[in-house]
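Visitor: Next comes target_10.pdb, PDB, C-alpha atoms:
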```pdb
ATOM      1  CA  MET A   1      23.483  -8.506 -29.383
ATOM      2  CA  ILE A   2      23.842  -5.822 -32.040
ATOM      3  CA  ALA A   3      22.429  -7.518 -35.096
ATOM      4  CA  PRO A   4      18.853  -7.874 -33.792
ATOM      5  CA  ARG A   5      18.999  -4.373 -32.325
ATOM      6  CA  LEU A   6      20.021  -2.947 -35.654
ATOM      7  CA  ALA A   7      17.002  -4.653 -37.179
ATOM      8  CA  SER A   8      14.705  -3.129 -34.574
ATOM      9  CA  CYS A   9      16.231   0.291 -35.077
ATOM     10  CA  LEU A  10      15.733   0.209 -38.811
ATOM     11  CA  ALA A  11      12.221  -1.201 -38.537
ATOM     12  CA  THR A  12      10.928   2.123 -37.267
ATOM     13  CA  SER A  13      11.633   5.773 -37.916
ATOM     14  CA  VAL A  14      14.812   7.190 -36.437
ATOM     15  CA  GLY A  15      14.543   8.349 -32.866
ATOM     16  CA  GLY A  16      13.163   7.290 -29.506
ATOM     17  CA  ARG A  17      12.863   3.574 -28.825
ATOM     18  CA  ALA A  18      14.364   2.720 -32.217
ATOM     19  CA  TRP A  19      17.728   4.132 -31.188
ATOM     20  CA  SER A  20      17.597   2.496 -27.758
ATOM     21  CA  LEU A  21      17.167  -0.842 -29.506
ATOM     22  CA  LEU A  22      20.124  -0.116 -31.768
ATOM     23  CA  LYS A  23      22.305   0.524 -28.740
ATOM     24  CA  ARG A  24      21.739  -2.948 -27.393
ATOM     25  CA  ARG A  25      22.486  -4.613 -30.714
ATOM     26  CA  ALA A  26      25.466  -2.781 -32.013
ATOM     27  CA  ALA A  27      28.133  -5.076 -30.515
ATOM     28  CA  VAL A  28      27.705  -8.115 -32.764
ATOM     29  CA  LEU A  29      28.290  -6.095 -35.917
ATOM     30  CA  ALA A  30      31.097  -4.159 -34.261
ATOM     31  CA  ALA A  31      32.693  -7.432 -33.225
ATOM     32  CA  MET A  32      32.300  -8.713 -36.768
ATOM     33  CA  CYS A  33      34.141  -5.684 -38.116
ATOM     34  CA  THR A  34      36.865  -6.047 -35.504
ATOM     35  CA  VAL A  35      37.375  -9.811 -35.659
ATOM     36  CA  GLY A  36      36.167 -10.771 -39.101
ATOM     37  CA  LEU A  37      37.534  -7.826 -41.044
ATOM     38  CA  SER A  38      40.756  -7.026 -39.265
ATOM     39  CA  CYS A  39      42.283  -9.982 -41.075
ATOM     40  CA  MET A  40      41.583  -8.151 -44.338
ATOM     41  CA  ALA A  41      44.109  -5.433 -43.576
ATOM     42  CA  ALA A  42      46.854  -7.177 -45.568
ATOM     43  CA  PRO A  43      46.627  -7.395 -48.413
ATOM     44  CA  ILE A  44      43.875  -4.942 -49.328
ATOM     45  CA  HIS A  45      41.593  -6.530 -51.897
ATOM     46  CA  ALA A  46      38.548  -5.595 -53.921
ATOM     47  CA  ALA A  47      35.399  -5.105 -51.903
ATOM     48  CA  THR A  48      33.068  -7.983 -51.180
ATOM     49  CA  LEU A  49      29.396  -7.781 -50.276
ATOM     50  CA  THR A  50      28.133 -10.041 -47.505
ATOM     51  CA  ARG A  51      24.564 -10.321 -46.303
ATOM     52  CA  VAL A  52      24.298 -10.000 -42.519
ATOM     53  CA  GLU A  53      21.446 -11.899 -40.935
ATOM     54  CA  ILE A  54      19.923  -9.714 -38.225
ATOM     55  CA  GLY A  55      16.709 -11.585 -37.563
ATOM     56  CA  SER A  56      14.339  -8.978 -38.934
ATOM     57  CA  PRO A  57      11.324  -9.779 -41.133
ATOM     58  CA  ASP A  58      11.507  -6.404 -42.874
ATOM     59  CA  THR A  59      15.186  -5.381 -42.745
ATOM     60  CA  THR A  60      18.212  -6.664 -44.610
ATOM     61  CA  ALA A  61      21.755  -5.584 -43.790
ATOM     62  CA  PHE A  62      24.862  -5.927 -45.941
ATOM     63  CA  LEU A  63      28.516  -5.638 -45.034
ATOM     64  CA  LEU A  64      30.597  -3.992 -47.788
ATOM     65  CA  GLY A  65      34.245  -4.648 -46.994
ATOM     66  CA  GLY A  66      37.409  -4.030 -49.007
ATOM     67  CA  GLN A  67      38.685  -1.560 -51.573
ATOM     68  CA  LEU A  68      36.198  -0.023 -54.007
ATOM     69  CA  ALA A  69      37.534  -1.272 -57.329
ATOM     70  CA  GLY A  70      34.378  -0.918 -59.430
ATOM     71  CA  GLY A  71      31.308  -3.109 -59.658
ATOM     72  CA  GLU A  72      30.313  -2.771 -55.993
ATOM     73  CA  LEU A  73      27.222  -0.731 -56.839
ATOM     74  CA  LEU A  74      25.994  -3.313 -59.332
ATOM     75  CA  ALA A  75      26.588  -6.115 -56.815
ATOM     76  CA  LEU A  76      24.544  -4.256 -54.201
ATOM     77  CA  GLN A  77      21.790  -3.387 -56.667
ATOM     78  CA  SER A  78      21.619  -7.039 -57.704
ATOM     79  CA  GLU A  79      20.956  -8.035 -54.089
ATOM     80  CA  VAL A  80      18.530  -5.202 -53.360
ATOM     81  CA  ALA A  81      16.582  -6.052 -56.520
ATOM     82  CA  LYS A  82      15.739  -9.433 -54.969
ATOM     83  CA  LEU A  83      14.089  -7.783 -51.969
ATOM     84  CA  PRO A  84      10.494  -6.552 -51.631
ATOM     85  CA  PRO A  85      10.249  -2.779 -52.267
ATOM     86  CA  ASN A  86       9.057  -2.112 -48.697
ATOM     87  CA  ARG A  87      11.954  -3.955 -47.069
ATOM     88  CA  ARG A  88      14.441  -1.753 -45.244
ATOM     89  CA  VAL A  89      18.114  -1.984 -46.152
ATOM     90  CA  ALA A  90      21.231  -1.024 -44.194
ATOM     91  CA  VAL A  91      24.844  -1.123 -45.341
ATOM     92  CA  ILE A  92      27.826  -1.393 -42.991
ATOM     93  CA  LEU A  93      30.895   0.087 -44.669
ATOM     94  CA  ASP A  94      34.432  -1.126 -44.014
ATOM     95  CA  SER A  95      36.702   0.115 -46.776
ATOM     96  CA  PRO A  96      40.024   1.964 -47.115
ATOM     97  CA  GLY A  97      38.642   3.770 -50.171
ATOM     98  CA  GLY A  98      39.227   3.181 -53.860
ATOM     99  CA  LEU A  99      37.599   4.643 -56.955
ATOM    100  CA  VAL A 100      35.990   8.018 -56.284
ATOM    101  CA  SER A 101      33.501   7.386 -59.083
ATOM    102  CA  GLU A 102      32.317   4.156 -57.429
ATOM    103  CA  GLY A 103      32.015   5.851 -54.049
ATOM    104  CA  LEU A 104      29.871   8.613 -55.529
ATOM    105  CA  LYS A 105      27.627   6.116 -57.312
ATOM    106  CA  LEU A 106      27.184   4.088 -54.143
ATOM    107  CA  GLY A 107      26.361   7.180 -52.114
ATOM    108  CA  GLN A 108      23.819   8.343 -54.671
ATOM    109  CA  PHE A 109      22.181   4.912 -54.565
ATOM    110  CA  PHE A 110      22.085   4.961 -50.760
ATOM    111  CA  TYR A 111      20.333   8.321 -50.971
ATOM    112  CA  ASP A 112      17.912   7.437 -53.775
ATOM    113  CA  ALA A 113      16.984   4.038 -52.302
ATOM    114  CA  LYS A 114      16.865   5.353 -48.709
ATOM    115  CA  ILE A 115      19.511   3.011 -47.333
ATOM    116  CA  ALA A 116      21.012   3.737 -43.908
ATOM    117  CA  THR A 117      24.816   3.633 -43.597
ATOM    118  CA  PHE A 118      26.967   2.535 -40.653
ATOM    119  CA  VAL A 119      30.674   2.565 -39.764
ATOM    120  CA  PHE A 120      31.837   0.569 -36.744
ATOM    121  CA  ALA A 121      35.152   0.543 -34.913
ATOM    122  CA  GLY A 122      37.672  -2.032 -36.118
ATOM    123  CA  GLY A 123      38.643  -3.227 -39.564
ATOM    124  CA  PHE A 124      39.620  -0.685 -42.220
ATOM    125  CA  GLY A 125      37.212   2.012 -41.127
ATOM    126  CA  CYS A 126      35.761   4.072 -43.970
ATOM    127  CA  HIS A 127      38.124   6.349 -45.867
ATOM    128  CA  SER A 128      38.185   8.533 -48.950
ATOM    129  CA  ALA A 129      35.708   7.217 -51.575
ATOM    130  CA  CYS A 130      34.034   5.116 -48.873
ATOM    131  CA  ALA A 131      33.509   8.194 -46.692
ATOM    132  CA  LEU A 132      31.829   9.974 -49.593
ATOM    133  CA  ALA A 133      29.509   7.000 -50.089
ATOM    134  CA  PHE A 134      28.722   6.947 -46.356
ATOM    135  CA  LEU A 135      27.264  10.457 -46.596
ATOM    136  CA  GLY A 136      24.397   9.251 -48.791
ATOM    137  CA  GLY A 137      22.718   7.221 -46.018
ATOM    138  CA  ARG A 138      19.013   7.960 -45.389
ATOM    139  CA  ASP A 139      16.162   6.666 -43.246
ATOM    140  CA  ALA A 140      13.651   4.603 -45.216
ATOM    141  CA  ALA A 141      10.607   6.060 -43.446
ATOM    142  CA  THR A 142      11.457   9.729 -42.983
ATOM    143  CA  GLY A 143      13.970  10.293 -45.768
ATOM    144  CA  LYS A 144      16.202  12.122 -43.296
ATOM    145  CA  PRO A 145      19.970  11.516 -43.285
ATOM    146  CA  VAL A 146      20.929   8.436 -41.278
ATOM    147  CA  ARG A 147      24.699   8.012 -41.152
ATOM    148  CA  VAL A 148      25.824   6.315 -37.926
ATOM    149  CA  MET A 149      29.448   6.293 -36.766
ATOM    150  CA  MET A 150      30.486   4.330 -33.703
ATOM    151  CA  SER A 151      32.683   6.359 -31.360
ATOM    152  CA  GLY A 152      36.282   5.530 -32.203
ATOM    153  CA  ALA A 153      35.506   4.425 -35.748
ATOM    154  CA  ARG A 154      37.912   5.585 -38.451
ATOM    155  CA  LEU A 155      35.920   7.816 -40.798
ATOM    156  CA  GLY A 156      38.455   9.645 -42.933
ATOM    157  CA  PHE A 157      38.596  12.142 -45.796
ATOM    158  CA  HIS A 158      41.492  13.204 -47.991
ATOM    159  CA  GLN A 159      42.264  14.689 -51.369
ATOM    160  CA  PHE A 160      41.891  12.451 -54.371
ATOM    161  CA  GLY A 161      45.118  12.060 -56.331
ATOM    162  CA  ALA A 162      46.394  11.284 -59.783
ATOM    163  CA  LYS A 163      48.963   8.542 -60.263
ATOM    164  CA  PHE A 164      52.212   9.557 -61.930
ATOM    165  CA  ASP A 165      54.836   7.336 -63.527
ATOM    166  CA  ASN A 166      58.218   8.478 -62.223
ATOM    167  CA  THR A 167      59.914   7.036 -65.296
ATOM    168  CA  LYS A 168      57.858   9.127 -67.719
ATOM    169  CA  THR A 169      58.476  12.711 -68.808
ATOM    170  CA  TYR A 170      55.232  14.679 -68.790
ATOM    171  CA  THR A 171      54.558  17.424 -71.332
ATOM    172  CA  LYS A 172      52.582  20.600 -70.773
ATOM    173  CA  LYS A 173      49.691  18.925 -72.572
ATOM    174  CA  ASP A 174      49.880  15.972 -70.179
ATOM    175  CA  MET A 175      49.786  18.283 -67.174
ATOM    176  CA  ALA A 176      46.889  20.261 -68.652
ATOM    177  CA  THR A 177      44.985  16.983 -68.983
ATOM    178  CA  VAL A 178      45.697  16.165 -65.321
ATOM    179  CA  VAL A 179      44.366  19.577 -64.275
ATOM    180  CA  GLN A 180      41.221  19.084 -66.355
ATOM    181  CA  ASP A 181      40.673  15.618 -64.908
ATOM    182  CA  THR A 182      41.126  16.978 -61.402
ATOM    183  CA  GLN A 183      38.568  19.692 -62.065
ATOM    184  CA  ARG A 184      36.107  17.113 -63.392
ATOM    185  CA  VAL A 185      36.464  15.002 -60.252
ATOM    186  CA  MET A 186      35.978  18.042 -58.016
ATOM    187  CA  ASP A 187      32.917  19.082 -59.996
ATOM    188  CA  ALA A 188      31.540  15.543 -59.634
ATOM    189  CA  ILE A 189      32.042  15.598 -55.848
ATOM    190  CA  ILE A 190      30.385  18.999 -55.495
ATOM    191  CA  GLY A 191      27.511  17.873 -57.726
ATOM    192  CA  TYR A 192      27.114  14.731 -55.632
ATOM    193  CA  LEU A 193      26.986  16.642 -52.342
ATOM    194  CA  ARG A 194      24.314  18.888 -53.774
ATOM    195  CA  ALA A 195      22.361  15.917 -55.153
ATOM    196  CA  ILE A 196      22.158  14.310 -51.699
ATOM    197  CA  ASN A 197      21.209  17.674 -50.141
ATOM    198  CA  GLU A 198      24.450  17.822 -48.176
ATOM    199  CA  ASP A 199      26.176  21.155 -47.640
ATOM    200  CA  LEU A 200      29.786  21.652 -48.678
ATOM    201  CA  ASP A 201      31.197  21.528 -45.142
ATOM    202  CA  PHE A 202      32.879  18.222 -45.967
ATOM    203  CA  LEU A 203      35.081  19.760 -48.666
ATOM    204  CA  PRO A 204      37.482  21.372 -46.157
ATOM    205  CA  LEU A 205      37.990  17.923 -44.621
ATOM    206  CA  MET A 206      39.162  16.675 -48.004
ATOM    207  CA  LEU A 207      41.390  19.653 -48.681
ATOM    208  CA  ARG A 208      42.912  19.551 -45.203
ATOM    209  CA  ALA A 209      44.869  16.364 -45.853
ATOM    210  CA  PRO A 210      46.978  15.513 -48.923
ATOM    211  CA  HIS A 211      46.294  12.317 -50.855
ATOM    212  CA  GLU A 212      48.979  10.467 -48.910
ATOM    213  CA  ALA A 213      47.450  11.433 -45.540
ATOM    214  CA  ILE A 214      43.973  11.257 -44.050
ATOM    215  CA  THR A 215      41.767  13.554 -41.973
ATOM    216  CA  LEU A 216      39.900  11.452 -39.443
ATOM    217  CA  VAL A 217      36.581  12.839 -38.221
ATOM    218  CA  ASN A 218      36.331  12.783 -34.443
ATOM    219  CA  ASP A 219      33.058  12.410 -32.558
ATOM    220  CA  ASP A 220      32.585  16.145 -32.000
ATOM    221  CA  GLU A 221      33.166  17.010 -35.629
ATOM    222  CA  ALA A 222      30.886  14.210 -36.795
ATOM    223  CA  LEU A 223      28.001  15.551 -34.716
ATOM    224  CA  MET A 224      28.589  19.087 -35.962
ATOM    225  CA  LYS A 225      28.278  17.773 -39.496
ATOM    226  CA  GLY A 226      25.040  15.866 -38.969
ATOM    227  CA  ILE A 227      26.383  12.353 -38.336
ATOM    228  CA  TYR A 228      24.888  10.209 -35.561
ATOM    229  CA  VAL A 229      27.475   8.975 -33.063
ATOM    230  CA  MET A 230      27.073   5.853 -30.953
ATOM    231  CA  GLU A 231      29.110   5.823 -27.750
ATOM    232  CA  GLN A 232      30.975   2.548 -27.274
ATOM    233  CA  LYS A 233      30.803   2.434 -23.473
ATOM    234  CA  THR A 234      27.197   3.459 -22.922
ATOM    235  CA  GLN A 235      25.896   2.466 -26.382
ATOM    236  CA  ARG A 236      23.965   5.721 -26.318
ATOM    237  CA  ILE A 237      23.053   7.181 -29.705
ATOM    238  CA  ILE A 238      23.640  10.919 -29.975
ATOM    239  CA  ASP A 239      21.267  12.667 -32.377
ATOM    240  CA  PRO A 240      23.073  15.510 -34.193
ATOM    241  CA  GLY A 241      19.865  17.359 -35.107
ATOM    242  CA  ASN A 242      19.838  20.063 -32.442
ATOM    243  CA  ILE A 243      23.610  20.431 -32.580
ATOM    244  CA  VAL A 244      23.422  21.193 -36.303
ATOM    245  CA  LYS A 245      20.591  23.678 -35.697
ATOM    246  CA  ARG A 246      22.715  25.477 -33.109
ATOM    247  CA  ARG A 247      25.596  25.638 -35.554
ATOM    248  CA  VAL A 248      23.397  27.109 -38.272
ATOM    249  CA  ALA A 249      21.832  29.611 -35.842
ATOM    250  CA  ALA A 250      25.277  30.764 -34.731
ATOM    251  CA  ARG A 251      26.355  31.706 -38.243
TER     252      ARG A 251
END
```
Would you put the structure from the file into structure tokens?

Guide:
Amino acid sequence: MIAPRLASCLATSVGGRAWSLLKRRAAVLAAMCTVGLSCMAAPIHAATLTRVEIGSPDTTAFLLGGQLAGGELLALQSEVAKLPPNRRVAVILDSPGGLVSEGLKLGQFFYDAKIATFVFAGGFGCHSACALAFLGGRDAATGKPVRVMMSGARLGFHQFGAKFDNTKTYTKKDMATVVQDTQRVMDAIIGYLRAINEDLDFLPLMLRAPHEAITLVNDDEALMKGIYVMEQKTQRIIDPGNIVKRRVAAR
């Protein structure tokens, strides 16, 4: 069952036996995302935070599911504040996106508090603001990035967009304000990526798809960008470390 395996994985540093234990436990949480969250597809509602019992004395996992509407960070911080400082925390993300500002704040908290992030197949997946938050995941012991995507999971990036009222006539001043707001959001995203020590390779993924579309990251691309991938059939965890080093060496 996945839940106990996730606990065992997070109880030790990333690598070796820890990942082999995660393989054997990933199916319960994946099933939860598929069965329990697929019913959330219509209508999309504000995100909810659910504690997932994984049978670990030193690890707590949370499932964050739904649209990021604001307040999700505070809800998570409220729960984490109840835990002992040495207790490991993992967050499984299942969100179609939402407020970019909330996604950036969540991701920064994941990074600062050394919280590992996971996206499993089924449910919404993890898109837009959720995908940005996902990038902040880190291992509690080593501080290294720990972002785990199950093979076939929907991890997607796209451009953020401003909402326009088709019944309103916009002036040049209005449009200048939109441009300034857009620049502020882009600056915030770039600042966030730098703050979590992530390179800017994810920006092209955002620019590749318009706001109405989505660029889904496949397994190969995820590994090239430093994301762990868990194969569904074999439950083998692929470490992106050496793949990233090869990419950097080839530049």

Visitor: Could you list, as a PyMOL selection string, every residue matched by the PyMOL selection byres ((chain A and resi 227-239) around 6) in this structure?

Guide: chain A and resi 23+147-151+222-223+225-226+240-241

Visitor: Using all atoms listed in the file, find all polymer residues with an atom at most 9 Å away from the point (17.9, 4.0, -48.9); report them as an NGL selection string.

Guide: :A and (88-90 or 109-117 or 136-140 or 143)

Visitor: Go through A:Lys82, A:Lys168, A:Arg87, A:Arg154 and flag the residue nearest Gly125 in chain A, using all atoms listed in the file for the distances.

Guide: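 Checking each of A:Lys82, A:Lys168, A:Arg87, A:Arg154 against Gly125 in chain A, counting all atoms listed in the file, the winner is A:Arg154.
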
Visitor: Which residues fall under the PyMOL selection byres ((chain A and resi 100) around 9) in this file, as a PDB file with C-alpha atoms, keeping the file's coordinate frame?

Guide:
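Below you can see out_23.pdb, which holds the result:
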```pdb
ATOM      1  CA  LEU A  68      36.198  -0.023 -54.007  1.00  0.00           C
ATOM      2  CA  GLY A  97      38.642   3.770 -50.171  1.00  0.00           C
ATOM      3  CA  GLY A  98      39.227   3.181 -53.860  1.00  0.00           C
ATOM      4  CA  LEU A  99      37.599   4.643 -56.955  1.00  0.00           C
ATOM      5  CA  SER A 101      33.501   7.386 -59.083  1.00  0.00           C
ATOM      6  CA  GLU A 102      32.317   4.156 -57.429  1.00  0.00           C
ATOM      7  CA  GLY A 103      32.015   5.851 -54.049  1.00  0.00           C
ATOM      8  CA  LEU A 104      29.871   8.613 -55.529  1.00  0.00           C
ATOM      9  CA  LYS A 105      27.627   6.116 -57.312  1.00  0.00           C
ATOM     10  CA  SER A 128      38.185   8.533 -48.950  1.00  0.00           C
ATOM     11  CA  ALA A 129      35.708   7.217 -51.575  1.00  0.00           C
ATOM     12  CA  CYS A 130      34.034   5.116 -48.873  1.00  0.00           C
ATOM     13  CA  LEU A 132      31.829   9.974 -49.593  1.00  0.00           C
ATOM     14  CA  PHE A 160      41.891  12.451 -54.371  1.00  0.00           C
ATOM     15  CA  VAL A 185      36.464  15.002 -60.252  1.00  0.00           C
ATOM     16  CA  ILE A 189      32.042  15.598 -55.848  1.00  0.00           C
TER      17      ILE A 189
END
```

Visitor: Which is closer to Phe124 in chain A than all the others in A:Leu155, A:Met206, A:Leu73, A:Ala81, using only C-alpha atoms?

Guide: A:Leu155

Visitor: So which one's closest to Phe120 in chain A, A:Ala133, A:Leu63, A:Ala141, A:Leu74? Using only C-alpha atoms, please.

Guide: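 Comparing A:Ala133, A:Leu63, A:Ala141, A:Leu74 against Phe120 in chain A, the winner is A:Leu63.
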
Visitor: What gap, in Å, lies between CA of Gln77 in chain A and CA of Ala47 in chain A?

Guide: 14.5 Å

Visitor: One decimal, Å: what's the distance from CA of Asn218 in chain A over to CA of Ala153 in chain A, could you say?

Guide: 8.5 Å

Visitor: Given the PyMOL selection byres ((chain A and resi 46) around 8) and the file above, list the residues it selects as a VMD selection string.

Guide: chain A and resid 44 to 45 47 to 48 66 to 69

Visitor: By how many Å are CA of Thr177 in chain A and CA of Gln108 in chain A apart?

Guide: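 So the two atoms, CA of Thr177 in chain A and CA of Gln108 in chain A, lie 27.0 Å apart.
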
Visitor: Find the residues around Glu79 in chain A up to 12 Å (all atoms listed in the file counted), leave out those fewer than 6 positions away in its own chain, and share them as a PyMOL selection string.

Guide: chain A and resi 49-51+60-62+72-73+89+91

Visitor: Would you export the selected residues with C-alpha atoms as a short mmCIF file (atom, residue, chain, number, x, y, z; two decimals), in the frame of the given file, please?

Guide:
```
data_model
loop_
_atom_site.label_atom_id
_atom_site.label_comp_id
_atom_site.auth_asym_id
_atom_site.auth_seq_id
_atom_site.Cartn_x
_atom_site.Cartn_y
_atom_site.Cartn_z
CA LEU A 49 29.40 -7.78 -50.28
CA THR A 50 28.13 -10.04 -47.50
CA ARG A 51 24.56 -10.32 -46.30
CA THR A 60 18.21 -6.66 -44.61
CA ALA A 61 21.76 -5.58 -43.79
CA PHE A 62 24.86 -5.93 -45.94
CA GLU A 72 30.31 -2.77 -55.99
CA LEU A 73 27.22 -0.73 -56.84
CA VAL A 89 18.11 -1.98 -46.15
CA VAL A 91 24.84 -1.12 -45.34
#
```

Visitor: List as a list in words the protein and nucleic acid residues near Leu93 in chain A, meaning an atom at most 7 Å away when all atoms listed in the file are counted, but skip any in the same chain fewer than 3 places from it.

Guide: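 Those residues are Leu63, Leu64, Gly65, Phe118, Val119 and Cys126 of chain A.
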
Visitor: Quick one: residues within 7 Å of Leu205 in chain A, only C-alpha atoms, excluding same-chain residues fewer than 3 positions away - as a compact mmCIF listing (two decimals) with C-alpha atoms, in the frame of the given file?

Guide:
```
# COMPACT_ATOMS: atom_id res chain seq x y z
CA PHE A 157 38.60 12.14 -45.80
CA HIS A 158 41.49 13.20 -47.99
CA PHE A 202 32.88 18.22 -45.97
CA ARG A 208 42.91 19.55 -45.20
CA THR A 215 41.77 13.55 -41.97
```
